[in-house]
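Trainee: File start.pdb below, PDB, C-alpha atoms and all ligand atoms:
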ATOM      1  CA  LYS A   1      45.374 142.814 110.575
ATOM      2  CA  LYS A   2      49.005 142.024 109.857
ATOM      3  CA  LYS A   3      50.483 139.845 112.611
ATOM      4  CA  VAL A   4      53.905 141.105 113.700
ATOM      5  CA  ILE A   5      56.623 140.160 116.152
ATOM      6  CA  ILE A   6      58.979 142.993 117.025
ATOM      7  CA  ASP A   7      62.576 141.953 117.670
ATOM      8  CA  THR A   8      64.044 144.863 119.579
ATOM      9  CA  ASP A   9      66.826 146.366 121.726
ATOM     10  CA  PRO A  10      64.968 149.229 123.456
ATOM     11  CA  GLY A  11      66.333 151.873 122.835
ATOM     12  CA  ILE A  12      64.559 155.224 122.452
ATOM     13  CA  ASP A  13      63.661 154.858 118.768
ATOM     14  CA  ASP A  14      62.702 151.249 119.537
ATOM     15  CA  ALA A  15      60.276 152.567 122.170
ATOM     16  CA  MET A  16      58.790 154.918 119.569
ATOM     17  CA  ALA A  17      58.519 152.047 117.085
ATOM     18  CA  ILE A  18      56.872 149.700 119.595
ATOM     19  CA  PHE A  19      54.329 152.361 120.564
ATOM     20  CA  LEU A  20      53.705 153.189 116.904
ATOM     21  CA  ALA A  21      52.978 149.513 116.248
ATOM     22  CA  LEU A  22      50.640 149.350 119.257
ATOM     23  CA  ARG A  23      48.840 152.452 117.995
ATOM     24  CA  SER A  24      48.458 151.090 114.446
ATOM     25  CA  PRO A  25      45.113 149.372 113.824
ATOM     26  CA  GLU A  26      46.668 147.690 110.782
ATOM     27  CA  LEU A  27      48.933 145.575 113.036
ATOM     28  CA  GLU A  28      48.441 142.876 115.646
ATOM     29  CA  VAL A  29      51.543 142.626 117.830
ATOM     30  CA  LEU A  30      51.975 138.939 118.748
ATOM     31  CA  GLY A  31      54.989 139.540 120.930
ATOM     32  CA  LEU A  32      58.270 141.304 121.518
ATOM     33  CA  THR A  33      61.578 139.456 121.371
ATOM     34  CA  THR A  34      64.654 141.100 122.803
ATOM     35  CA  THR A  35      68.237 141.456 121.709
ATOM     36  CA  PHE A  36      71.421 143.264 122.661
ATOM     37  CA  GLY A  37      72.408 146.439 120.827
ATOM     38  CA  ASN A  38      71.434 149.710 122.423
ATOM     39  CA  VAL A  39      71.699 147.888 125.772
ATOM     40  CA  HIS A  40      72.609 144.350 126.880
ATOM     41  CA  THR A  41      69.866 141.775 126.379
ATOM     42  CA  ALA A  42      68.838 141.524 130.056
ATOM     43  CA  LEU A  43      68.189 145.265 130.118
ATOM     44  CA  ALA A  44      66.448 145.111 126.723
ATOM     45  CA  THR A  45      64.048 142.566 128.232
ATOM     46  CA  ARG A  46      63.463 144.720 131.282
ATOM     47  CA  ASN A  47      62.836 147.738 129.036
ATOM     48  CA  ALA A  48      60.446 145.828 126.776
ATOM     49  CA  LEU A  49      58.410 144.708 129.811
ATOM     50  CA  HIS A  50      58.513 148.216 131.248
ATOM     51  CA  LEU A  51      57.283 149.789 127.987
ATOM     52  CA  LEU A  52      54.336 147.398 127.791
ATOM     53  CA  GLU A  53      53.491 148.073 131.448
ATOM     54  CA  ALA A  54      53.710 151.825 130.895
ATOM     55  CA  VAL A  55      50.886 151.693 128.358
ATOM     56  CA  GLY A  56      48.874 148.841 129.875
ATOM     57  CA  ARG A  57      49.681 146.206 127.251
ATOM     58  CA  THR A  58      50.990 143.406 129.458
ATOM     59  CA  ASP A  59      48.836 141.024 127.416
ATOM     60  CA  ILE A  60      51.686 141.004 124.866
ATOM     61  CA  PRO A  61      54.360 138.376 125.645
ATOM     62  CA  VAL A  62      58.065 139.208 125.781
ATOM     63  CA  ALA A  63      60.602 136.488 124.924
ATOM     64  CA  GLU A  64      64.212 137.085 125.862
ATOM     65  CA  GLY A  65      66.796 136.714 123.133
ATOM     66  CA  SER A  66      70.434 135.825 122.921
ATOM     67  CA  HIS A  67      72.943 137.545 125.193
ATOM     68  CA  VAL A  68      75.793 136.857 122.756
ATOM     69  CA  THR A  69      76.363 136.980 119.002
ATOM     70  CA  ILE A  70      75.687 133.985 116.776
ATOM     71  CA  LYS A  71      79.399 133.139 117.068
ATOM     72  CA  LYS A  72      79.091 133.425 120.864
ATOM     73  CA  ALA A  73      81.100 136.624 121.150
ATOM     74  CA  THR A  74      80.468 138.357 124.468
ATOM     75  CA  LYS A  75      82.249 141.591 123.613
ATOM     76  CA  LEU A  76      79.333 143.580 122.260
ATOM     77  CA  ARG A  77      78.938 147.121 120.992
ATOM     78  CA  ILE A  78      76.432 148.772 123.312
ATOM     79  CA  ALA A  79      75.080 152.204 122.284
ATOM     80  CA  SER A  80      74.401 153.767 125.684
ATOM     81  CA  PHE A  81      75.894 157.038 124.383
ATOM     82  CA  VAL A  82      72.883 157.301 122.041
ATOM     83  CA  HIS A  83      70.073 156.106 124.306
ATOM     84  CA  GLY A  84      71.299 156.670 127.870
ATOM     85  CA  SER A  85      72.808 154.094 130.206
ATOM     86  CA  ASP A  86      69.380 152.510 130.812
ATOM     87  CA  GLY A  87      68.561 152.606 127.092
ATOM     88  CA  LEU A  88      65.489 154.740 127.742
ATOM     89  CA  GLY A  89      66.877 158.220 128.276
ATOM     90  CA  ASN A  90      68.131 157.803 131.871
ATOM     91  CA  GLN A  91      64.688 157.801 133.444
ATOM     92  CA  ASP A  92      65.466 155.631 136.447
ATOM     93  CA  PHE A  93      62.139 153.819 136.250
ATOM     94  CA  PRO A  94      61.353 151.002 138.730
ATOM     95  CA  PRO A  95      61.885 147.338 137.773
ATOM     96  CA  PRO A  96      58.938 145.860 135.876
ATOM     97  CA  ALA A  97      56.477 143.664 137.754
ATOM     98  CA  THR A  98      55.965 141.355 134.773
ATOM     99  CA  LYS A  99      58.297 138.636 133.498
ATOM    100  CA  PRO A 100      59.337 137.311 130.104
ATOM    101  CA  VAL A 101      57.856 134.036 128.900
ATOM    102  CA  ASP A 102      59.745 130.852 129.604
ATOM    103  CA  GLN A 103      60.928 130.448 126.019
ATOM    104  CA  SER A 104      63.832 131.872 124.059
ATOM    105  CA  ALA A 105      63.226 134.534 121.398
ATOM    106  CA  ALA A 106      64.269 132.086 118.657
ATOM    107  CA  ALA A 107      61.905 129.397 119.974
ATOM    108  CA  PHE A 108      59.070 131.964 120.153
ATOM    109  CA  LEU A 109      59.730 133.068 116.552
ATOM    110  CA  VAL A 110      59.697 129.464 115.327
ATOM    111  CA  GLU A 111      56.579 128.641 117.337
ATOM    112  CA  GLN A 112      54.606 131.614 115.970
ATOM    113  CA  ALA A 113      55.738 130.890 112.392
ATOM    114  CA  ASN A 114      54.410 127.340 112.811
ATOM    115  CA  LEU A 115      51.160 128.533 114.358
ATOM    116  CA  TYR A 116      50.446 130.999 111.543
ATOM    117  CA  PRO A 117      52.455 129.844 108.498
ATOM    118  CA  GLY A 118      53.190 132.662 106.071
ATOM    119  CA  GLN A 119      51.217 135.152 108.149
ATOM    120  CA  VAL A 120      53.703 136.498 110.687
ATOM    121  CA  SER A 121      55.966 139.398 109.790
ATOM    122  CA  VAL A 122      59.008 140.123 111.910
ATOM    123  CA  VAL A 123      59.973 143.746 112.416
ATOM    124  CA  ALA A 124      63.661 143.479 113.309
ATOM    125  CA  LEU A 125      64.970 146.566 115.096
ATOM    126  CA  GLY A 126      68.283 145.335 116.491
ATOM    127  CA  PRO A 127      71.142 142.982 115.583
ATOM    128  CA  LEU A 128      69.797 139.898 113.803
ATOM    129  CA  THR A 129      71.049 137.185 116.175
ATOM    130  CA  ASN A 130      67.609 135.877 117.207
ATOM    131  CA  LEU A 131      66.467 135.523 113.612
ATOM    132  CA  ALA A 132      69.675 133.707 112.668
ATOM    133  CA  LEU A 133      69.130 131.393 115.651
ATOM    134  CA  ALA A 134      65.562 130.748 114.469
ATOM    135  CA  VAL A 135      66.957 129.731 111.062
ATOM    136  CA  GLU A 136      69.413 127.390 112.803
ATOM    137  CA  LEU A 137      66.683 125.980 115.052
ATOM    138  CA  ASP A 138      64.318 125.265 112.173
ATOM    139  CA  PRO A 139      65.709 125.287 108.615
ATOM    140  CA  ALA A 140      62.109 125.599 107.336
ATOM    141  CA  PHE A 141      61.661 128.876 109.283
ATOM    142  CA  PRO A 142      62.434 131.074 106.213
ATOM    143  CA  GLU A 143      59.538 129.475 104.313
ATOM    144  CA  LYS A 144      57.132 129.611 107.237
ATOM    145  CA  ILE A 145      57.773 133.155 108.365
ATOM    146  CA  GLY A 146      56.034 135.946 106.457
ATOM    147  CA  GLN A 147      58.094 139.024 105.636
ATOM    148  CA  ILE A 148      61.166 139.974 107.654
ATOM    149  CA  ILE A 149      61.352 143.769 107.747
ATOM    150  CA  ILE A 150      64.797 144.810 108.876
ATOM    151  CA  LEU A 151      66.125 148.102 110.151
ATOM    152  CA  GLY A 152      69.634 147.478 109.009
ATOM    153  CA  GLY A 153      72.313 148.480 106.592
ATOM    154  CA  ALA A 154      73.660 151.558 104.909
ATOM    155  CA  TYR A 155      73.116 151.281 101.167
ATOM    156  CA  SER A 156      75.354 153.645  99.191
ATOM    157  CA  VAL A 157      75.626 155.966 102.173
ATOM    158  CA  ASN A 158      78.014 156.076 105.117
ATOM    159  CA  GLY A 159      77.275 153.918 108.130
ATOM    160  CA  ASN A 160      76.638 155.259 111.611
ATOM    161  CA  VAL A 161      79.165 153.072 113.464
ATOM    162  CA  ASN A 162      81.923 153.720 110.959
ATOM    163  CA  PRO A 163      81.935 154.690 107.276
ATOM    164  CA  ALA A 164      80.972 151.146 106.286
ATOM    165  CA  ALA A 165      78.502 149.841 108.825
ATOM    166  CA  GLU A 166      75.095 150.577 110.289
ATOM    167  CA  ALA A 167      74.765 149.690 113.987
ATOM    168  CA  ASN A 168      72.342 146.757 113.851
ATOM    169  CA  ILE A 169      74.320 144.949 111.157
ATOM    170  CA  PHE A 170      77.627 145.773 112.857
ATOM    171  CA  GLY A 171      76.252 144.299 116.111
ATOM    172  CA  ASP A 172      76.255 140.783 114.633
ATOM    173  CA  PRO A 173      77.333 140.734 110.973
ATOM    174  CA  ASP A 174      77.523 136.923 110.853
ATOM    175  CA  ALA A 175      73.902 136.689 111.971
ATOM    176  CA  ALA A 176      72.912 139.358 109.447
ATOM    177  CA  ASP A 177      74.543 137.438 106.593
ATOM    178  CA  ILE A 178      72.681 134.273 107.640
ATOM    179  CA  VAL A 179      69.375 136.155 107.612
ATOM    180  CA  PHE A 180      69.987 137.966 104.320
ATOM    181  CA  THR A 181      70.830 134.671 102.586
ATOM    182  CA  CYS A 182      68.239 132.415 104.264
ATOM    183  CA  GLY A 183      65.687 132.667 101.466
ATOM    184  CA  ALA A 184      62.981 134.469 103.432
ATOM    185  CA  ASP A 185      61.036 137.389 101.993
ATOM    186  CA  ILE A 186      63.084 140.334 103.258
ATOM    187  CA  LEU A 187      62.535 144.054 103.201
ATOM    188  CA  ALA A 188      65.460 146.115 104.418
ATOM    189  CA  VAL A 189      65.166 149.712 105.526
ATOM    190  CA  GLY A 190      68.601 151.302 105.572
ATOM    191  CA  LEU A 191      70.161 154.565 106.678
ATOM    192  CA  ASN A 192      69.670 155.832 103.103
ATOM    193  CA  VAL A 193      65.973 155.860 104.026
ATOM    194  CA  THR A 194      65.938 156.690 107.718
ATOM    195  CA  HIS A 195      68.269 159.672 107.429
ATOM    196  CA  GLN A 196      65.429 161.235 105.456
ATOM    197  CA  VAL A 197      62.947 160.671 108.262
ATOM    198  CA  VAL A 198      63.541 163.176 111.026
ATOM    199  CA  LEU A 199      61.440 163.914 114.066
ATOM    200  CA  THR A 200      61.814 167.675 114.059
ATOM    201  CA  ASP A 201      61.583 170.100 116.954
ATOM    202  CA  ALA A 202      58.142 171.052 115.608
ATOM    203  CA  ASP A 203      57.050 167.392 115.643
ATOM    204  CA  ARG A 204      58.311 167.099 119.187
ATOM    205  CA  GLU A 205      56.278 170.130 120.218
ATOM    206  CA  LYS A 206      53.226 168.609 118.547
ATOM    207  CA  LEU A 207      53.804 165.413 120.487
ATOM    208  CA  GLU A 208      54.056 167.411 123.699
ATOM    209  CA  GLN A 209      50.557 168.771 123.044
ATOM    210  CA  CYS A 210      49.053 165.279 122.589
ATOM    211  CA  ASP A 211      46.867 164.103 125.415
ATOM    212  CA  SER A 212      47.788 160.418 125.236
ATOM    213  CA  LYS A 213      49.812 158.212 127.563
ATOM    214  CA  TYR A 214      51.940 157.124 124.609
ATOM    215  CA  ALA A 215      52.897 160.678 123.694
ATOM    216  CA  ARG A 216      53.451 161.692 127.320
ATOM    217  CA  TYR A 217      55.784 158.744 127.850
ATOM    218  CA  LEU A 218      57.762 159.350 124.655
ATOM    219  CA  CYS A 219      58.233 163.025 125.455
ATOM    220  CA  LYS A 220      59.983 162.024 128.691
ATOM    221  CA  LEU A 221      62.522 159.876 126.822
ATOM    222  CA  MET A 222      63.509 162.074 123.986
ATOM    223  CA  GLY A 223      65.984 164.519 125.507
ATOM    224  CA  VAL A 224      69.001 162.199 125.401
ATOM    225  CA  TYR A 225      68.241 161.093 121.843
ATOM    226  CA  PHE A 226      67.831 164.675 120.614
ATOM    227  CA  ASP A 227      71.071 165.734 122.357
ATOM    228  CA  TYR A 228      72.933 162.937 120.603
ATOM    229  CA  HIS A 229      71.687 164.056 117.190
ATOM    230  CA  ARG A 230      72.436 167.704 117.860
ATOM    231  CA  ASP A 231      75.999 166.965 118.967
ATOM    232  CA  GLY A 232      76.772 164.098 116.582
ATOM    233  CA  TYR A 233      74.910 165.026 113.412
ATOM    234  CA  PHE A 234      74.336 168.754 113.938
ATOM    235  CA  ILE A 235      70.634 168.380 113.127
ATOM    236  CA  LYS A 236      67.683 169.861 114.950
ATOM    237  CA  GLY A 237      65.667 166.742 115.473
ATOM    238  CA  ALA A 238      66.285 163.007 115.572
ATOM    239  CA  TYR A 239      66.370 160.179 113.051
ATOM    240  CA  LEU A 240      63.390 157.841 113.205
ATOM    241  CA  HIS A 241      65.159 154.608 112.274
ATOM    242  CA  ASP A 242      63.013 152.010 113.986
ATOM    243  CA  PRO A 243      59.644 153.788 113.577
ATOM    244  CA  THR A 244      60.243 153.978 109.817
ATOM    245  CA  THR A 245      60.531 150.200 109.792
ATOM    246  CA  VAL A 246      57.135 149.922 111.479
ATOM    247  CA  ILE A 247      55.808 152.327 108.841
ATOM    248  CA  ALA A 248      57.124 149.932 106.180
ATOM    249  CA  ALA A 249      55.019 147.208 107.837
ATOM    250  CA  VAL A 250      51.927 149.414 108.146
ATOM    251  CA  ASN A 251      51.996 151.083 104.761
ATOM    252  CA  PRO A 252      54.731 149.848 102.403
ATOM    253  CA  SER A 253      53.609 152.286  99.699
ATOM    254  CA  LEU A 254      55.079 155.206 101.650
ATOM    255  CA  LEU A 255      58.523 153.958 100.614
ATOM    256  CA  THR A 256      60.036 153.102  97.251
ATOM    257  CA  TYR A 257      62.025 149.941  96.658
ATOM    258  CA  THR A 258      64.837 148.438  94.643
ATOM    259  CA  GLU A 259      65.179 144.676  94.386
ATOM    260  CA  GLY A 260      68.534 143.080  94.832
ATOM    261  CA  VAL A 261      70.748 140.744  96.789
ATOM    262  CA  VAL A 262      72.502 141.672 100.015
ATOM    263  CA  ARG A 263      75.549 140.064 101.571
ATOM    264  CA  VAL A 264      77.299 141.280 104.691
ATOM    265  CA  GLN A 265      81.022 141.740 105.222
ATOM    266  CA  THR A 266      81.890 140.014 108.494
ATOM    267  CA  VAL A 267      85.551 140.943 109.042
ATOM    268  CA  GLY A 268      88.093 143.723 108.703
ATOM    269  CA  ILE A 269      87.684 147.458 108.502
ATOM    270  CA  THR A 270      84.495 147.072 106.494
ATOM    271  CA  LYS A 271      82.944 144.654 109.017
ATOM    272  CA  GLY A 272      79.182 145.197 108.955
ATOM    273  CA  LEU A 273      79.110 146.609 105.424
ATOM    274  CA  THR A 274      75.981 145.641 103.496
ATOM    275  CA  VAL A 275      76.899 144.932  99.882
ATOM    276  CA  PHE A 276      73.925 145.381  97.587
ATOM    277  CA  ASP A 277      73.718 143.933  94.076
ATOM    278  CA  ASN A 278      70.834 145.228  92.015
ATOM    279  CA  THR A 279      71.629 142.840  89.128
ATOM    280  CA  LYS A 280      70.582 140.007  91.466
ATOM    281  CA  LYS A 281      73.202 137.813  89.751
ATOM    282  CA  ARG A 282      76.569 138.378  91.291
ATOM    283  CA  LEU A 283      76.167 137.683  95.003
ATOM    284  CA  GLY A 284      73.969 134.618  94.944
ATOM    285  CA  PRO A 285      70.561 133.474  93.858
ATOM    286  CA  LEU A 286      68.452 135.143  96.508
ATOM    287  CA  SER A 287      66.660 138.390  96.087
ATOM    288  CA  LEU A 288      65.219 140.850  98.469
ATOM    289  CA  CYS A 289      63.398 144.074  98.350
ATOM    290  CA  LEU A 290      65.386 147.033  99.525
ATOM    291  CA  SER A 291      63.710 150.185 100.626
ATOM    292  CA  ASP A 292      65.799 152.851  98.960
ATOM    293  CA  SER A 293      64.196 156.172  99.613
ATOM    294  CA  HIS A 294      61.561 157.860 101.586
ATOM    295  CA  VAL A 295      59.826 161.027 100.579
ATOM    296  CA  ALA A 296      56.253 160.759 101.806
ATOM    297  CA  GLU A 297      55.003 162.337 104.990
ATOM    298  CA  THR A 298      54.659 159.394 107.358
ATOM    299  CA  GLY A 299      51.934 160.745 109.622
ATOM    300  CA  ALA A 300      53.597 158.855 112.469
ATOM    301  CA  VAL A 301      53.358 161.685 114.973
ATOM    302  CA  ASP A 302      49.585 161.871 114.574
ATOM    303  CA  ARG A 303      49.206 158.258 115.662
ATOM    304  CA  PHE A 304      50.159 159.000 119.250
TER     305      PHE A 304
HETATM  306  C1  LIG A 401      69.702 151.406 114.813
HETATM  307  O1  LIG A 401      70.647 151.288 115.867
HETATM  308  C2  LIG A 401      70.023 151.565 117.106
HETATM  309  O2  LIG A 401      70.733 152.519 117.822
HETATM  310  C3  LIG A 401      68.657 152.098 116.808
HETATM  311  O3  LIG A 401      67.719 151.686 117.779
HETATM  312  C4  LIG A 401      68.343 151.549 115.453
HETATM  313  O4  LIG A 401      67.734 150.276 115.537
HETATM  314  C5  LIG A 401      70.113 152.553 113.922
HETATM  315  O5  LIG A 401      71.343 152.290 113.321
HETATM  316 CA    CA A 402      66.833 149.451 117.642
END
I need this file expressed as structure tokens, please.
Ligand code: BDR
Ligand code: CA

Mentor:
Amino acid sequence: KKKVIIDTDPGIDDAMAIFLALRSPELEVLGLTTTFGNVHTALATRNALHLLEAVGRTDIPVAEGSHVTIKKATKLRIASFVHGSDGLGNQDFPPPATKPVDQSAAAFLVEQANLYPGQVSVVALGPLTNLALAVELDPAFPEKIGQIIILGGAYSVNGNVNPAAEANIFGDPDAADIVFTCGADILAVGLNVTHQVVLTDADREKLEQCDSKYARYLCKLMGVYFDYHRDGYFIKGAYLHDPTTVIAAVNPSLLTYTEGVVRVQTVGITKGLTVFDNTKKRLGPLSLCLSDSHVAETGAVDRF
């Protein structure tokens, strides 16, 4: 089994991704680490604990991440208009009974990388602050961590925050640039991929027929996320950003890849832009694998 840590800002598509990982026999989820993005970090932690409680997986630890960007900015972009004010479709669920571990997300990431050198993949579903902090905490982290699989960036397509930037990169572009240049083995899944992966109305109906606690829970969340896509993108369905990143961890051959170097613009009107160089020569010495298209049927819905 591939050992994974999911760094997440739940988030409706984060919830789908977490459940997909839990339902994937190919993966062993070592823990969840939380970040701001769809909600503030404290709520992300609460949501992560709640999601694990909802499906009886409180054996999985949750480590709380940074409340501020790597440069300590407290003015954050929070996407409650996409995911509801509670981040999980305005469900009004009770506070979780469980607590996060007494360790920061960055410390947890470093600890697990040391415990299992080269064997832990990180599935990063929010702004990359915790990973950048892990690099700061332990400069050898990039060599010790396995693959970092990032939902982030808009490669040759428009962003979803503004024409330049995708939300997770925009959330902390300085952290993203640290991660993209840290030397780790990186796989980035961008909007060029995830805008091809839509949970359709038919998929949603199929999910509604599933007799599993995972499916039942997800069906309760989806309304807000579908409304946002109908009104904002005029599509019947919803983009599966974060679940596609889990799919890249489970079965990388469902995607195709282009190798290159990524740097992130950190200021100005193109703040959060991911600049991709497929010559691997012009932006620095480091290379990464970029997931550049998705055509295969993922089979994700059947896993619930
Ligand atoms: C990303 O931003 C968040 O809203 C989603 O959860 C996803 O991680 C898409 O740009
Ligand atoms: Ca997310």

Trainee: Env of segment 57-62 of chain A: 9 Å cut, atoms = all atoms listed in the file, seq-sep filter 5 positions within chain, self excluded. Answer as a compact mmCIF listing (two decimals) with C-alpha atoms, in the frame of the given file.

Mentor:
# COMPACT_ATOMS: atom_id res chain seq x y z
CA LEU A 22 50.64 149.35 119.26
CA VAL A 29 51.54 142.63 117.83
CA LEU A 30 51.98 138.94 118.75
CA GLY A 31 54.99 139.54 120.93
CA LEU A 32 58.27 141.30 121.52
CA THR A 33 61.58 139.46 121.37
CA THR A 34 64.65 141.10 122.80
CA THR A 45 64.05 142.57 128.23
CA ALA A 48 60.45 145.83 126.78
CA LEU A 49 58.41 144.71 129.81
CA LEU A 51 57.28 149.79 127.99
CA LEU A 52 54.34 147.40 127.79
CA THR A 98 55.96 141.35 134.77
CA LYS A 99 58.30 138.64 133.50
CA PRO A 100 59.34 137.31 130.10
CA VAL A 101 57.86 134.04 128.90
CA ALA A 105 63.23 134.53 121.40

Trainee: Report, in Å to a single decimal, how far apart atom CA of Asp138 of chain A and atom O2 of ligand LIG 401 (chain A) are.

Mentor: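 Taking atom O2 of ligand LIG 401 (chain A) and atom CA of Asp138 of chain A, their separation equals 28.6 Å.
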
Trainee: Do you know which residues are within 7 Å of ligand CA 402 (chain A) using all atoms listed in the file? Can you write them as a count of residues only?

Mentor: 10

Trainee: Give me the result of the PyMOL selection byres (((chain A and resi 93) around 12) and not hetatm) on this file, residue by residue, as a PyMOL selection string.

Mentor: chain A and resi 46-47+49-51+53-54+86-92+94-97+217+220-221

Trainee: With only C-alpha atoms and all ligand atoms as the basis for distance, which of A:Phe234, A:Tyr214, A:Tyr239, A:Tyr257 is at the shortest distance from ligand LIG 401 (chain A)?

Mentor: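 Using only C-alpha atoms and all ligand atoms, the shortest distance to ligand LIG 401 (chain A) belongs to A:Tyr239.
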
Trainee: With only C-alpha atoms and all ligand atoms counted, collect every polymer residue having an atom within 10 Å of ligand LIG 401 (chain A); state the result as an NGL selection string.

Mentor: :A and (8-17 or 37-39 or 78-83 or 87 or 124-127 or 150-154 or 159-161 or 165-171 or 190-191 or 194-195 or 225 or 239-243 or 245)

Trainee: Write the residues of the preceding selection, restricted to C-alpha atoms, as a JSON list (two decimals), keeping the file's coordinate frame.

Mentor:
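Listed below is the output, result.json:
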[["chain", "number", "residue", "atom", "x", "y", "z"],
["A", 8, "THR", "CA", 64.04, 144.86, 119.58],
["A", 9, "ASP", "CA", 66.83, 146.37, 121.73],
["A", 10, "PRO", "CA", 64.97, 149.23, 123.46],
["A", 11, "GLY", "CA", 66.33, 151.87, 122.84],
["A", 12, "ILE", "CA", 64.56, 155.22, 122.45],
["A", 13, "ASP", "CA", 63.66, 154.86, 118.77],
["A", 14, "ASP", "CA", 62.70, 151.25, 119.54],
["A", 15, "ALA", "CA", 60.28, 152.57, 122.17],
["A", 16, "MET", "CA", 58.79, 154.92, 119.57],
["A", 17, "ALA", "CA", 58.52, 152.05, 117.08],
["A", 37, "GLY", "CA", 72.41, 146.44, 120.83],
["A", 38, "ASN", "CA", 71.43, 149.71, 122.42],
["A", 39, "VAL", "CA", 71.70, 147.89, 125.77],
["A", 78, "ILE", "CA", 76.43, 148.77, 123.31],
["A", 79, "ALA", "CA", 75.08, 152.20, 122.28],
["A", 80, "SER", "CA", 74.40, 153.77, 125.68],
["A", 81, "PHE", "CA", 75.89, 157.04, 124.38],
["A", 82, "VAL", "CA", 72.88, 157.30, 122.04],
["A", 83, "HIS", "CA", 70.07, 156.11, 124.31],
["A", 87, "GLY", "CA", 68.56, 152.61, 127.09],
["A", 124, "ALA", "CA", 63.66, 143.48, 113.31],
["A", 125, "LEU", "CA", 64.97, 146.57, 115.10],
["A", 126, "GLY", "CA", 68.28, 145.34, 116.49],
["A", 127, "PRO", "CA", 71.14, 142.98, 115.58],
["A", 150, "ILE", "CA", 64.80, 144.81, 108.88],
["A", 151, "LEU", "CA", 66.12, 148.10, 110.15],
["A", 152, "GLY", "CA", 69.63, 147.48, 109.01],
["A", 153, "GLY", "CA", 72.31, 148.48, 106.59],
["A", 154, "ALA", "CA", 73.66, 151.56, 104.91],
["A", 159, "GLY", "CA", 77.28, 153.92, 108.13],
["A", 160, "ASN", "CA", 76.64, 155.26, 111.61],
["A", 161, "VAL", "CA", 79.17, 153.07, 113.46],
["A", 165, "ALA", "CA", 78.50, 149.84, 108.82],
["A", 166, "GLU", "CA", 75.10, 150.58, 110.29],
["A", 167, "ALA", "CA", 74.76, 149.69, 113.99],
["A", 168, "ASN", "CA", 72.34, 146.76, 113.85],
["A", 169, "ILE", "CA", 74.32, 144.95, 111.16],
["A", 170, "PHE", "CA", 77.63, 145.77, 112.86],
["A", 171, "GLY", "CA", 76.25, 144.30, 116.11],
["A", 190, "GLY", "CA", 68.60, 151.30, 105.57],
["A", 191, "LEU", "CA", 70.16, 154.56, 106.68],
["A", 194, "THR", "CA", 65.94, 156.69, 107.72],
["A", 195, "HIS", "CA", 68.27, 159.67, 107.43],
["A", 225, "TYR", "CA", 68.24, 161.09, 121.84],
["A", 239, "TYR", "CA", 66.37, 160.18, 113.05],
["A", 240, "LEU", "CA", 63.39, 157.84, 113.20],
["A", 241, "HIS", "CA", 65.16, 154.61, 112.27],
["A", 242, "ASP", "CA", 63.01, 152.01, 113.99],
["A", 243, "PRO", "CA", 59.64, 153.79, 113.58],
["A", 245, "THR", "CA", 60.53, 150.20, 109.79]]

Trainee: If we count only C-alpha atoms and set the cut-off at 10 Å, which residues sit around Pro163 of chain A, ignoring sequence neighbours fewer than 6 positions away in its own chain? Please answer as a PyMOL selection string.

Mentor: chain A and resi 154+157+269-270+273

Trainee: Between A:Phe36, A:Phe19, A:Tyr228, A:Tyr116, which residue has the minimum interatomic distance to Arg216 of chain A, considering all atoms listed in the file?

Mentor: A:Phe19

Trainee: Provide the atom CA of Leu218 of chain A to atom CA of Ala106 of chain A distance in Å, to one decimal place.

Mentor: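 Spanning atom CA of Leu218 of chain A to atom CA of Ala106 of chain A is a straight-line distance of 28.7 Å.
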
Trainee: Determine, counting all atoms listed in the file, which protein, DNA and RNA residues have an atom within 9 Å of an atom of Val179 of chain A; residues of the same chain fewer than 2 positions away are not included. Present the result as a list in words.

Mentor: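 That gives Leu128, Thr129, Leu131, Ala132, Val135, Pro142, Asp174, Ala175, Ala176, Asp177, Thr181, Cys182, Gly183, Ala184 and Ile186 of chain A.
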
Trainee: Quote the spacing between atom CA of Val301 of chain A and atom CA of Leu27 of chain A in Å to one decimal place.

Mentor: 16.8 Å

Trainee: Produce the centre coordinates and the three edge lengths, each in Å to one decimal, of the box along x, y and z that contains all listed atoms of segment 245-250 of chain A with 6 Å added on each side, as lines of an AutoDock Vina configuration file.

Mentor:
center_x = 56.2
center_y = 149.8
center_z = 108.8
size_x = 20.6
size_y = 17.1
size_z = 17.3

Trainee: On this file, the PyMOL selection byres (((chain A and resi 71) around 9) and not hetatm) gives some set of residues; write that set as a CSV table (one decimal) with C-alpha atoms, keeping the file's coordinate frame.

Mentor:
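Saved the output as part.csv:
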chain,number,residue,atom,x,y,z
A,68,VAL,CA,75.8,136.9,122.8
A,69,THR,CA,76.4,137.0,119.0
A,70,ILE,CA,75.7,134.0,116.8
A,72,LYS,CA,79.1,133.4,120.9
A,73,ALA,CA,81.1,136.6,121.2
A,172,ASP,CA,76.3,140.8,114.6
A,174,ASP,CA,77.5,136.9,110.9
A,175,ALA,CA,73.9,136.7,112.0

Trainee: Give the answer as one residue: which of A:Lys236, A:Lys213, A:Arg303, A:His229 has the shortest atom-to-atom distance to Gly56 of chain A, using all atoms listed in the file?

Mentor: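 Among the listed residues, the smallest separation from Gly56 of chain A belongs to A:Lys213.
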
Trainee: Tell me which residues the PyMOL selection byres (((chain A and resi 2) around 12) and not hetatm) grabs here, as a list in words.

Mentor: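 On this input, the PyMOL selection byres (((chain A and resi 2) around 12) and not hetatm) captures Lys1, Lys3, Val4, Ile5, Ala21, Ser24, Pro25, Glu26, Leu27, Glu28, Val29, Leu30, Tyr116, Gly118, Gln119, Val120, Ser121, Val122, Val123, Gly146, Gln147, Val246, Ala248, Ala249, Val250 and Asn251 of chain A.
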
Trainee: Given the choices A:Ala63, A:Ala300, A:Val267, A:Val198, which gets closest to Tyr233 of chain A if the distance is worked out from all atoms listed in the file?

Mentor: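 Selected residue with least distance to Tyr233 of chain A: A:Val198.
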